[in-house]
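Chemist: my_file-v5.pdb (PDB, C-alpha atoms and all ligand atoms) pasted underneath:
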ATOM      1  CA  MET A   1     119.502  91.486  88.009
ATOM      2  CA  THR A   2     115.925  91.333  89.297
ATOM      3  CA  VAL A   3     114.029  94.462  88.331
ATOM      4  CA  LYS A   4     112.090  95.947  91.241
ATOM      5  CA  LEU A   5     108.994  97.909  90.296
ATOM      6  CA  LEU A   6     106.660  99.976  92.455
ATOM      7  CA  ALA A   7     103.052  99.948  91.244
ATOM      8  CA  PHE A   8     100.364 102.433  92.197
ATOM      9  CA  ALA A   9      97.202 104.023  90.859
ATOM     10  CA  GLY A  10      96.317 107.700  90.655
ATOM     11  CA  SER A  11      92.801 106.985  91.898
ATOM     12  CA  THR A  12      92.125 106.057  95.505
ATOM     13  CA  ARG A  13      88.481 105.039  95.307
ATOM     14  CA  ASN A  14      87.178 101.523  95.851
ATOM     15  CA  GLY A  15      86.280  99.967  92.519
ATOM     16  CA  SER A  16      88.787 102.117  90.652
ATOM     17  CA  LEU A  17      89.071 101.136  87.002
ATOM     18  CA  ASN A  18      92.679 102.261  87.058
ATOM     19  CA  GLN A  19      93.454 100.061  90.049
ATOM     20  CA  ALA A  20      92.023  97.142  88.040
ATOM     21  CA  LEU A  21      94.157  98.055  85.027
ATOM     22  CA  LEU A  22      97.218  98.400  87.237
ATOM     23  CA  GLU A  23      96.730  94.940  88.685
ATOM     24  CA  LEU A  24      96.698  93.428  85.190
ATOM     25  CA  ALA A  25      99.992  95.177  84.418
ATOM     26  CA  VAL A  26     101.453  93.963  87.721
ATOM     27  CA  ALA A  27     100.580  90.377  86.780
ATOM     28  CA  GLU A  28     102.292  90.839  83.400
ATOM     29  CA  ALA A  29     105.413  92.304  85.001
ATOM     30  CA  ARG A  30     105.612  89.507  87.586
ATOM     31  CA  ALA A  31     105.175  86.897  84.849
ATOM     32  CA  LYS A  32     108.170  88.481  83.101
ATOM     33  CA  GLY A  33     110.353  88.180  86.177
ATOM     34  CA  ALA A  34     110.024  91.566  87.863
ATOM     35  CA  GLU A  35     109.622  91.900  91.619
ATOM     36  CA  VAL A  36     106.631  94.212  92.030
ATOM     37  CA  THR A  37     105.561  96.048  95.168
ATOM     38  CA  THR A  38     102.001  97.350  94.990
ATOM     39  CA  ILE A  39     100.944 100.270  97.148
ATOM     40  CA  LYS A  40      97.848 102.421  97.502
ATOM     41  CA  LEU A  41      98.491 106.134  97.820
ATOM     42  CA  LYS A  42      95.511 106.340 100.166
ATOM     43  CA  ASP A  43      97.505 104.372 102.753
ATOM     44  CA  PHE A  44     100.110 107.137 103.043
ATOM     45  CA  ALA A  45      97.883 109.953 104.334
ATOM     46  CA  LEU A  46     100.002 112.582 102.651
ATOM     47  CA  PRO A  47      99.151 116.172 103.506
ATOM     48  CA  LEU A  48      98.883 118.609 100.636
ATOM     49  CA  TYR A  49     102.375 119.762  99.769
ATOM     50  CA  ASP A  50     103.294 122.837 101.790
ATOM     51  CA  GLY A  51     106.750 124.374 101.922
ATOM     52  CA  ASP A  52     106.358 125.368 105.565
ATOM     53  CA  LEU A  53     105.505 121.776 106.480
ATOM     54  CA  GLU A  54     108.511 120.575 104.518
ATOM     55  CA  ARG A  55     110.817 122.968 106.376
ATOM     56  CA  ASP A  56     109.406 122.489 109.878
ATOM     57  CA  ALA A  57     108.337 118.832 109.997
ATOM     58  CA  PHE A  58     108.787 116.816 106.814
ATOM     59  CA  PRO A  59     105.828 114.401 107.056
ATOM     60  CA  GLN A  60     106.754 110.815 107.882
ATOM     61  CA  ALA A  61     104.248 109.556 105.289
ATOM     62  CA  ALA A  62     106.063 111.509 102.576
ATOM     63  CA  ARG A  63     109.408 110.215 103.817
ATOM     64  CA  ASP A  64     108.077 106.624 103.739
ATOM     65  CA  LEU A  65     106.684 107.023 100.233
ATOM     66  CA  LYS A  66     109.894 108.579  98.964
ATOM     67  CA  ALA A  67     111.946 105.730 100.482
ATOM     68  CA  LEU A  68     109.856 103.253  98.508
ATOM     69  CA  PHE A  69     110.443 105.182  95.293
ATOM     70  CA  VAL A  70     114.171 105.238  95.981
ATOM     71  CA  ALA A  71     114.231 101.481  96.645
ATOM     72  CA  HIS A  72     112.786 100.517  93.245
ATOM     73  CA  HIS A  73     114.152 100.665  89.701
ATOM     74  CA  GLY A  74     110.913 101.935  88.268
ATOM     75  CA  PHE A  75     107.208 102.479  88.442
ATOM     76  CA  LEU A  76     104.006 101.147  86.953
ATOM     77  CA  ILE A  77     101.380 103.874  87.182
ATOM     78  CA  ALA A  78      97.739 103.741  86.094
ATOM     79  CA  SER A  79      95.841 106.956  86.570
ATOM     80  CA  PRO A  80      92.637 108.539  85.404
ATOM     81  CA  GLU A  81      92.781 112.007  83.959
ATOM     82  CA  TYR A  82      90.934 114.654  85.907
ATOM     83  CA  ASN A  83      89.873 117.671  83.885
ATOM     84  CA  GLY A  84      92.404 116.884  81.203
ATOM     85  CA  SER A  85      95.405 116.360  83.473
ATOM     86  CA  VAL A  86      96.835 114.185  86.248
ATOM     87  CA  THR A  87      94.876 113.626  89.444
ATOM     88  CA  SER A  88      95.729 115.801  92.414
ATOM     89  CA  VAL A  89      96.486 112.789  94.604
ATOM     90  CA  LEU A  90      99.080 111.550  92.126
ATOM     91  CA  LYS A  91     100.675 114.973  91.606
ATOM     92  CA  ASN A  92     100.825 115.566  95.346
ATOM     93  CA  ALA A  93     102.603 112.242  95.860
ATOM     94  CA  ILE A  94     105.097 113.056  93.099
ATOM     95  CA  ASP A  95     105.689 116.534  94.515
ATOM     96  CA  TRP A  96     106.476 115.222  98.010
ATOM     97  CA  ALA A  97     108.718 112.432  96.687
ATOM     98  CA  SER A  98     110.637 114.937  94.559
ATOM     99  CA  ARG A  99     111.793 116.933  97.603
ATOM    100  CA  PRO A 100     115.283 116.549  99.063
ATOM    101  CA  THR A 101     115.689 114.807 102.408
ATOM    102  CA  ASP A 102     118.598 114.059 104.706
ATOM    103  CA  GLY A 103     120.986 116.635 103.311
ATOM    104  CA  GLU A 104     120.358 115.911  99.629
ATOM    105  CA  SER A 105     120.809 118.760  97.179
ATOM    106  CA  LEU A 106     117.722 120.444  95.770
ATOM    107  CA  VAL A 107     118.228 118.694  92.432
ATOM    108  CA  ALA A 108     119.136 115.234  93.744
ATOM    109  CA  LEU A 109     115.720 113.820  92.723
ATOM    110  CA  SER A 110     116.768 110.509  94.249
ATOM    111  CA  ALA A 111     113.253 109.105  93.968
ATOM    112  CA  PHE A 112     113.131 109.695  90.216
ATOM    113  CA  ARG A 113     116.536 110.171  88.572
ATOM    114  CA  GLY A 114     117.502 107.140  86.509
ATOM    115  CA  LYS A 115     114.240 105.344  87.190
ATOM    116  CA  VAL A 116     111.875 103.988  84.532
ATOM    117  CA  ALA A 117     108.109 104.374  84.301
ATOM    118  CA  GLY A 118     105.323 102.637  82.422
ATOM    119  CA  LEU A 119     102.096 104.589  82.159
ATOM    120  CA  MET A 120      98.474 103.527  81.778
ATOM    121  CA  ALA A 121      95.068 105.160  81.993
ATOM    122  CA  ALA A 122      91.501 103.943  82.127
ATOM    123  CA  SER A 123      88.865 106.542  81.447
ATOM    124  CA  ILE A 124      85.159 106.612  80.852
ATOM    125  CA  SER A 125      85.687 108.925  77.870
ATOM    126  CA  PRO A 126      86.481 107.861  74.303
ATOM    127  CA  PHE A 127      89.971 109.385  74.609
ATOM    128  CA  GLY A 128      91.212 106.914  77.222
ATOM    129  CA  GLY A 129      92.876 109.465  79.485
ATOM    130  CA  LEU A 130      95.410 110.466  76.825
ATOM    131  CA  ARG A 131      95.739 114.056  78.060
ATOM    132  CA  GLY A 132      96.484 112.971  81.620
ATOM    133  CA  VAL A 133      99.073 110.423  80.530
ATOM    134  CA  THR A 134     100.725 113.010  78.285
ATOM    135  CA  HIS A 135     100.988 115.443  81.196
ATOM    136  CA  LEU A 136     102.301 112.690  83.458
ATOM    137  CA  ARG A 137     104.955 111.801  80.879
ATOM    138  CA  GLN A 138     106.087 115.424  80.837
ATOM    139  CA  ILE A 139     106.123 115.702  84.649
ATOM    140  CA  LEU A 140     108.176 112.530  85.104
ATOM    141  CA  GLY A 141     110.566 113.534  82.333
ATOM    142  CA  THR A 142     111.134 116.857  84.088
ATOM    143  CA  ILE A 143     112.279 114.996  87.196
ATOM    144  CA  GLN A 144     114.626 112.695  85.263
ATOM    145  CA  THR A 145     112.532 109.545  84.968
ATOM    146  CA  ILE A 146     112.760 107.659  81.679
ATOM    147  CA  VAL A 147     109.176 107.004  80.584
ATOM    148  CA  ALA A 148     108.607 104.038  78.260
ATOM    149  CA  THR A 149     107.305 105.077  74.849
ATOM    150  CA  GLU A 150     104.678 102.359  75.085
ATOM    151  CA  GLN A 151     101.571 103.258  77.065
ATOM    152  CA  VAL A 152      98.181 101.641  77.545
ATOM    153  CA  LEU A 153      94.935 103.580  77.309
ATOM    154  CA  VAL A 154      91.540 102.045  77.983
ATOM    155  CA  PRO A 155      88.695 104.243  76.693
ATOM    156  CA  ALA A 156      85.087 103.694  77.753
ATOM    157  CA  ALA A 157      86.592 101.824  80.673
ATOM    158  CA  HIS A 158      83.298 101.468  82.550
ATOM    159  CA  GLY A 159      82.404  98.791  79.982
ATOM    160  CA  ALA A 160      85.885  97.442  79.296
ATOM    161  CA  PHE A 161      86.219  94.901  82.134
ATOM    162  CA  ASP A 162      84.314  91.670  82.620
ATOM    163  CA  GLU A 163      82.932  90.452  85.967
ATOM    164  CA  ASN A 164      86.379  89.100  86.916
ATOM    165  CA  TRP A 165      88.138  92.417  86.166
ATOM    166  CA  ALA A 166      89.733  91.004  83.009
ATOM    167  CA  LEU A 167      89.788  93.209  79.914
ATOM    168  CA  LYS A 168      87.174  92.149  77.377
ATOM    169  CA  GLU A 169      89.226  93.277  74.369
ATOM    170  CA  ALA A 170      92.403  91.429  73.425
ATOM    171  CA  LEU A 171      94.351  94.486  72.251
ATOM    172  CA  PRO A 172      94.833  96.388  75.522
ATOM    173  CA  ALA A 173      95.710  93.111  77.239
ATOM    174  CA  GLN A 174      98.448  92.536  74.641
ATOM    175  CA  LEU A 175      99.666  96.098  75.021
ATOM    176  CA  LEU A 176      99.988  95.615  78.782
ATOM    177  CA  GLY A 177     102.420  92.754  78.183
ATOM    178  CA  GLY A 178     104.461  94.922  75.814
ATOM    179  CA  LEU A 179     104.533  97.788  78.302
ATOM    180  CA  ALA A 180     105.694  95.545  81.138
ATOM    181  CA  ALA A 181     108.386  94.022  78.917
ATOM    182  CA  ARG A 182     109.671  97.457  77.874
ATOM    183  CA  VAL A 183     109.812  98.785  81.420
ATOM    184  CA  ILE A 184     111.764  95.732  82.563
ATOM    185  CA  ASP A 185     114.101  95.980  79.576
ATOM    186  CA  LEU A 186     114.788  99.690  80.144
ATOM    187  CA  ALA A 187     115.365  99.182  83.851
ATOM    188  CA  THR A 188     117.816  96.377  83.120
ATOM    189  CA  ARG A 189     119.743  98.516  80.649
ATOM    190  CA  LEU A 190     119.880 101.529  82.924
ATOM    191  CA  GLU A 191     120.804  99.541  86.025
ATOM    192  CA  PRO A 192     120.192 102.566  88.249
ATOM    193  CA  PRO A 193     121.322 102.443  91.826
ATOM    194  CA  VAL A 194     118.594 101.318  94.179
ATOM    195  CA  GLY A 195     118.399 102.198  97.832
TER     196      GLY A 195
HETATM  197  C1  LIG A 201      87.244 115.438  89.126
HETATM  198  C2  LIG A 201      87.082 114.532  87.942
HETATM  199  C3  LIG A 201      87.478 114.955  86.707
HETATM  200  C4  LIG A 201      87.383 114.113  85.600
HETATM  201  N1  LIG A 201      87.864 114.529  84.405
HETATM  202  C5  LIG A 201      87.951 113.656  83.380
HETATM  203  C6  LIG A 201      88.630 114.011  82.170
HETATM  204  O1  LIG A 201      89.141 115.104  82.015
HETATM  205  N2  LIG A 201      88.694 113.085  81.184
HETATM  206  C7  LIG A 201      88.160 111.823  81.323
HETATM  207  O2  LIG A 201      88.284 111.026  80.421
HETATM  208  N3  LIG A 201      87.493 111.472  82.454
HETATM  209  C8  LIG A 201      87.405 112.344  83.475
HETATM  210  N4  LIG A 201      86.782 111.989  84.636
HETATM  211  C9  LIG A 201      86.082 110.701  84.689
HETATM  212  C10 LIG A 201      87.019 109.528  84.958
HETATM  213  O3  LIG A 201      87.489 109.005  83.732
HETATM  214  C11 LIG A 201      86.245 108.434  85.686
HETATM  215  O4  LIG A 201      85.699 108.929  86.891
HETATM  216  C12 LIG A 201      87.124 107.231  85.976
HETATM  217  O5  LIG A 201      86.327 106.150  86.360
HETATM  218  C13 LIG A 201      88.112 107.549  87.077
HETATM  219  O6  LIG A 201      89.016 106.507  87.243
HETATM  220  P1  LIG A 201      88.896 105.413  88.420
HETATM  221  O7  LIG A 201      87.768 104.515  88.042
HETATM  222  O8  LIG A 201      90.205 104.741  88.393
HETATM  223  O9  LIG A 201      88.625 106.153  89.705
HETATM  224  C14 LIG A 201      86.833 112.832  85.746
HETATM  225  C15 LIG A 201      86.397 112.408  87.020
HETATM  226  C16 LIG A 201      86.543 113.229  88.093
HETATM  227  C17 LIG A 201      86.122 112.737  89.462
END
Written as structure tokens, how would this file's structure read?
Ligand SMILES: Cc1cc2nc3c(=O)[nH]c(=O)nc-3n(C[C@H](O)[C@H](O)[C@H](O)COP(=O)(O)O)c2cc1C

Modeler:
Amino acid sequence: MTVKLLAFAGSTRNGSLNQALLELAVAEARAKGAEVTTIKLKDFALPLYDGDLERDAFPQAARDLKALFVAHHGFLIASPEYNGSVTSVLKNAIDWASRPTDGESLVALSAFRGKVAGLMAASISPFGGLRGVTHLRQILGTIQTIVATEQVLVPAAHGAFDENWALKEALPAQLLGGLAARVIDLATRLEPPVG
């Protein structure tokens, strides 16, 4: 079985440290045999979640994003923490993708149930985005995604990358390989339905 992973960052800005971290994890996962689709949440132009919008005209961008989630075994996510939690852009994407479509039951959670996630954060603080990743772990667990126990935090991330966007320290680079391996292993064991 070829494990299919969807990779995205919780920051949309150009020069995002988390986007750089994500790309290193994507390279590790590909080297270990996974098929990885990388997306940028900015490209989906999701409106803020609104129940009226959901009822009257479920946004096509949300439908497209959800379809991508459904079509993969798991996720690689690198996100900064904003004010001690997940970023609003990431939470909004998760909220839309968690909603039922096409006659699904309210608790179908087809974008998340039985999927696997590997989490990372790069932060300018000494704590490496730990609070955001911890919240994200809880959110994904609530919607039935198995989150790998491994995670990669890069503190003081503004000084952590060299001019080629490689990590200067060996340890986080090694941890990225371990995270990618665990996500692939979990996805293989779970063999969730895709599509
Ligand atoms: C609204 C906002 C809130 C932030 N809150 C935190 C925080 O709680 N903890 C932290 O470590 N960094 C925080 N930061 C700083 C981010 O770590 C820093 O901007 C980082 O570079 C963002 O990731 P990016 O480079 O991937 O965009 C915050 C930044 C913004 C814009």

Chemist: Atom C10 of ligand LIG 201 (chain A) and atom CA of Val147 of chain A are how many Å apart?

Modeler: 22.7 Å

Chemist: Output the neighbourhood of ligand LIG 201 (chain A) as a PDB file with C-alpha atoms, keeping the file's coordinate frame, that is, all protein and nucleic acid residues with some atom at most 9 Å from the ligand, counting all atoms listed in the file.

Modeler:
ATOM      1  CA  ALA A   9      97.202 104.023  90.859  1.00  0.00           C
ATOM      2  CA  GLY A  10      96.317 107.700  90.655  1.00  0.00           C
ATOM      3  CA  SER A  11      92.801 106.985  91.898  1.00  0.00           C
ATOM      4  CA  THR A  12      92.125 106.057  95.505  1.00  0.00           C
ATOM      5  CA  ARG A  13      88.481 105.039  95.307  1.00  0.00           C
ATOM      6  CA  ASN A  14      87.178 101.523  95.851  1.00  0.00           C
ATOM      7  CA  GLY A  15      86.280  99.967  92.519  1.00  0.00           C
ATOM      8  CA  SER A  16      88.787 102.117  90.652  1.00  0.00           C
ATOM      9  CA  LEU A  17      89.071 101.136  87.002  1.00  0.00           C
ATOM     10  CA  ASN A  18      92.679 102.261  87.058  1.00  0.00           C
ATOM     11  CA  GLN A  19      93.454 100.061  90.049  1.00  0.00           C
ATOM     12  CA  ALA A  20      92.023  97.142  88.040  1.00  0.00           C
ATOM     13  CA  LEU A  21      94.157  98.055  85.027  1.00  0.00           C
ATOM     14  CA  ALA A  78      97.739 103.741  86.094  1.00  0.00           C
ATOM     15  CA  SER A  79      95.841 106.956  86.570  1.00  0.00           C
ATOM     16  CA  PRO A  80      92.637 108.539  85.404  1.00  0.00           C
ATOM     17  CA  GLU A  81      92.781 112.007  83.959  1.00  0.00           C
ATOM     18  CA  TYR A  82      90.934 114.654  85.907  1.00  0.00           C
ATOM     19  CA  ASN A  83      89.873 117.671  83.885  1.00  0.00           C
ATOM     20  CA  GLY A  84      92.404 116.884  81.203  1.00  0.00           C
ATOM     21  CA  SER A  85      95.405 116.360  83.473  1.00  0.00           C
ATOM     22  CA  VAL A  86      96.835 114.185  86.248  1.00  0.00           C
ATOM     23  CA  THR A  87      94.876 113.626  89.444  1.00  0.00           C
ATOM     24  CA  ALA A 121      95.068 105.160  81.993  1.00  0.00           C
ATOM     25  CA  ALA A 122      91.501 103.943  82.127  1.00  0.00           C
ATOM     26  CA  SER A 123      88.865 106.542  81.447  1.00  0.00           C
ATOM     27  CA  ILE A 124      85.159 106.612  80.852  1.00  0.00           C
ATOM     28  CA  SER A 125      85.687 108.925  77.870  1.00  0.00           C
ATOM     29  CA  PRO A 126      86.481 107.861  74.303  1.00  0.00           C
ATOM     30  CA  PHE A 127      89.971 109.385  74.609  1.00  0.00           C
ATOM     31  CA  GLY A 128      91.212 106.914  77.222  1.00  0.00           C
ATOM     32  CA  GLY A 129      92.876 109.465  79.485  1.00  0.00           C
ATOM     33  CA  LEU A 130      95.410 110.466  76.825  1.00  0.00           C
ATOM     34  CA  ARG A 131      95.739 114.056  78.060  1.00  0.00           C
ATOM     35  CA  GLY A 132      96.484 112.971  81.620  1.00  0.00           C
ATOM     36  CA  PRO A 155      88.695 104.243  76.693  1.00  0.00           C
ATOM     37  CA  ALA A 156      85.087 103.694  77.753  1.00  0.00           C
ATOM     38  CA  ALA A 157      86.592 101.824  80.673  1.00  0.00           C
ATOM     39  CA  HIS A 158      83.298 101.468  82.550  1.00  0.00           C
TER      40      HIS A 158
END

Chemist: What do you get, as a list of chain:residue names, if you spell out every residue that the PyMOL selection byres (((chain A and resi 151) around 6) and not hetatm) selects here?

Modeler: A:Leu119, A:Met120, A:Glu150, A:Val152

Chemist: For segment 95-145 of chain A against segment 67-71 of chain A, with a cut-off of 8 Å and counting only C-alpha atoms, what is the closest atom pair and its distance in Å to one decimal for every residue that makes the cut, ordered by chain and number, as a tab-separated table?

Modeler:
residue	atom	partner	partner_atom	distance
A:Ala97	CA	A:Phe69	CA	7.6
A:Ser110	CA	A:Val70	CA	6.1
A:Ala111	CA	A:Val70	CA	4.5
A:Phe112	CA	A:Phe69	CA	7.3

Chemist: For a cut-off of 9 Å around (110.2, 108.3, 91.1), file coordinates, pick out all residues using only C-alpha atoms and list them as a list of chain:residue names.

Modeler: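 Residues lying no farther than 9 Å from the given point: A:Lys66, A:Leu68, A:Phe69, A:Val70, A:His72, A:His73, A:Gly74, A:Phe75, A:Ile94, A:Ala97, A:Ser98, A:Leu109, A:Ser110, A:Ala111, A:Phe112, A:Arg113, A:Gly114, A:Lys115, A:Val116, A:Ala117, A:Leu140, A:Ile143, A:Gln144, A:Thr145.
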
Chemist: Taking only C-alpha atoms into account, which of A:Ala27, A:Leu76, A:Leu186, A:Ala93 comes nearest Ala61 of chain A?

Modeler: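 Distance minimum relative to Ala61 of chain A lands on A:Ala93.
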
Chemist: Of the candidates A:Pro59, A:Leu175, A:Lys40, A:Ile146, which shows the shortest atom-to-atom distance to Arg189 of chain A, using only C-alpha atoms?

Modeler: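 Counting only C-alpha atoms, the residue closest to Arg189 of chain A is A:Ile146.
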
Chemist: Quick one: distance from atom CA of Thr37 of chain A to atom CA of Leu24 of chain A in Å, one decimal?

Modeler: 13.6 Å

Chemist: Between atom CA of Thr2 of chain A and atom CA of Thr38 of chain A, what is the distance in Å, rounded to a tenth?

Modeler: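 Straight-line distance from atom CA of Thr2 of chain A to atom CA of Thr38 of chain A works out to 16.2 Å.
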
Chemist: Taking into account all atoms listed in the file, which residue in the set A:Lys42, A:Lys4, A:Arg30, A:Arg99 is nearest to Glu54 of chain A?

Modeler: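 Between A:Lys42, A:Lys4, A:Arg30, A:Arg99, the residue approaching Glu54 of chain A most closely is A:Arg99.
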
Chemist: Hey, what's within 10 Å of Thr149 of chain A if we count only C-alpha atoms and toss same-chain stuff fewer than 6 positions away? As a list of chain:residue names, please?

Modeler: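 Neighbouring residues, sequence-local ones excluded: A:Ala117, A:Gly118, A:Leu119, A:Arg137, A:Leu179, A:Arg182, A:Val183.
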